[in-house]
Amino acid sequence: SSKRRSVFEDLVLLCFRNMQASLEFAREIVRSGKQELQDKVCLDAQTDDAADKLAVVFRMAPQAAELMLQHVLHDPHVQDSGHHPITTRGNLRRWMFEQDMVCEYQPDVYNPQVDGKAVVPMWCCESGHSH
C-alpha cells in the first residue's frame, strides 16, 4: 500500500519547481472552502514532519508558508473565561514583602480534544485539581 502525500509535501515539491505555483497552491487551499480539504490540511499539520516541511517552504516561498501557517492556527475553545477571574494586581503586604504583585492569567487546563481527526486545544474550568 502506498502512503499518501501530505499537503505540506506537495507544497515542498512545488517550491522546488516554481515558487509562484506554491503560492497559488496555498491560496487555493485557503480559498477553497471545501471542508474535506480543510480537515486534511489540519490533520497533515499535526504529523511528525509537518514543521520540517513548513520550514523548507518558509525558506523557499515565505508567502505560501505564511498563508498555510495562518490557515492552520486556531483559537482554543474556551469553556468559561470568567470562571476563575483574578485581579490584575495582588497585595503581599500581609506577607514578608511590602510591595504589590502583578498577576497574570494562567489557564486552568490545556486539554486537547479530538475534533474529527485533528487535535484542537481546549481550556476547561473543571480541571479536577483542588484549589
# chains A, B, ... in the order shown; residues from 1 in each chain; ligands from 1
$ residues_around --residues "range 44-51 of chain A" --least-positions-apart "5" --cutoff "9 Å" --atoms "only C-alpha atoms" --output "PyMOL selection string"
chain A and resi 6-9+39+56+69+72+118-119
$ write_last_selection --atoms "N, CA and C atoms" --output "short mmCIF file (atom, residue, chain, number, x, y, z; two decimals), in the first residue's frame"
data_model
loop_
_atom_site.label_atom_id
_atom_site.label_comp_id
_atom_site.auth_asym_id
_atom_site.auth_seq_id
_atom_site.Cartn_x
_atom_site.Cartn_y
_atom_site.Cartn_z
N SER A 6 1.28 14.31 2.08
CA SER A 6 0.59 15.38 2.80
C SER A 6 0.54 16.63 1.92
N VAL A 7 -0.32 17.54 2.30
CA VAL A 7 -0.41 18.83 1.63
C VAL A 7 0.93 19.54 1.71
N PHE A 8 1.62 19.40 2.84
CA PHE A 8 2.90 20.07 3.03
C PHE A 8 3.99 19.46 2.15
N GLU A 9 3.93 18.16 1.92
CA GLU A 9 4.87 17.54 0.99
C GLU A 9 4.65 18.05 -0.43
N ASP A 39 -9.98 19.86 6.55
CA ASP A 39 -9.69 18.82 7.54
C ASP A 39 -8.36 18.14 7.24
N VAL A 56 10.99 24.35 5.30
CA VAL A 56 11.52 24.38 3.93
C VAL A 56 10.73 25.40 3.10
N LEU A 69 0.44 28.65 7.44
CA LEU A 69 0.52 28.75 8.90
C LEU A 69 -0.71 29.45 9.46
N VAL A 72 -3.78 27.10 9.49
CA VAL A 72 -3.89 26.00 10.46
C VAL A 72 -3.94 26.48 11.91
N ALA A 118 -8.44 15.91 13.75
CA ALA A 118 -7.42 16.86 14.17
C ALA A 118 -7.57 17.17 15.65
N VAL A 119 -6.46 17.44 16.32
CA VAL A 119 -6.47 17.77 17.74
C VAL A 119 -6.60 19.28 17.88
#
$ closest_residue --among "A:His71, A:Lys40, A:Leu54, A:Asp80" --to "Leu11 in chain A" --atoms "only C-alpha atoms"
A:Leu54
$ residues_around --residues "Gln38 in chain A" --least-positions-apart "3" --cutoff "12 Å" --atoms "only C-alpha atoms" --output "list in words"
Val7, Ala26, Glu28, Ile29, Val30, Arg31, Ser32, Gly33, Lys34, Gln35, Val41, Cys42, Leu43, Asp44, Ala45, Met68, His71, Val72, Leu73, Gly116, Lys117 and Ala118 of chain A
$ residues_around --residues "Cys15 in chain A" --least-positions-apart "4" --cutoff "7 Å" --atoms "only C-alpha atoms" --output "VMD selection string"
chain A and resid 11 19 22 57 60 to 61
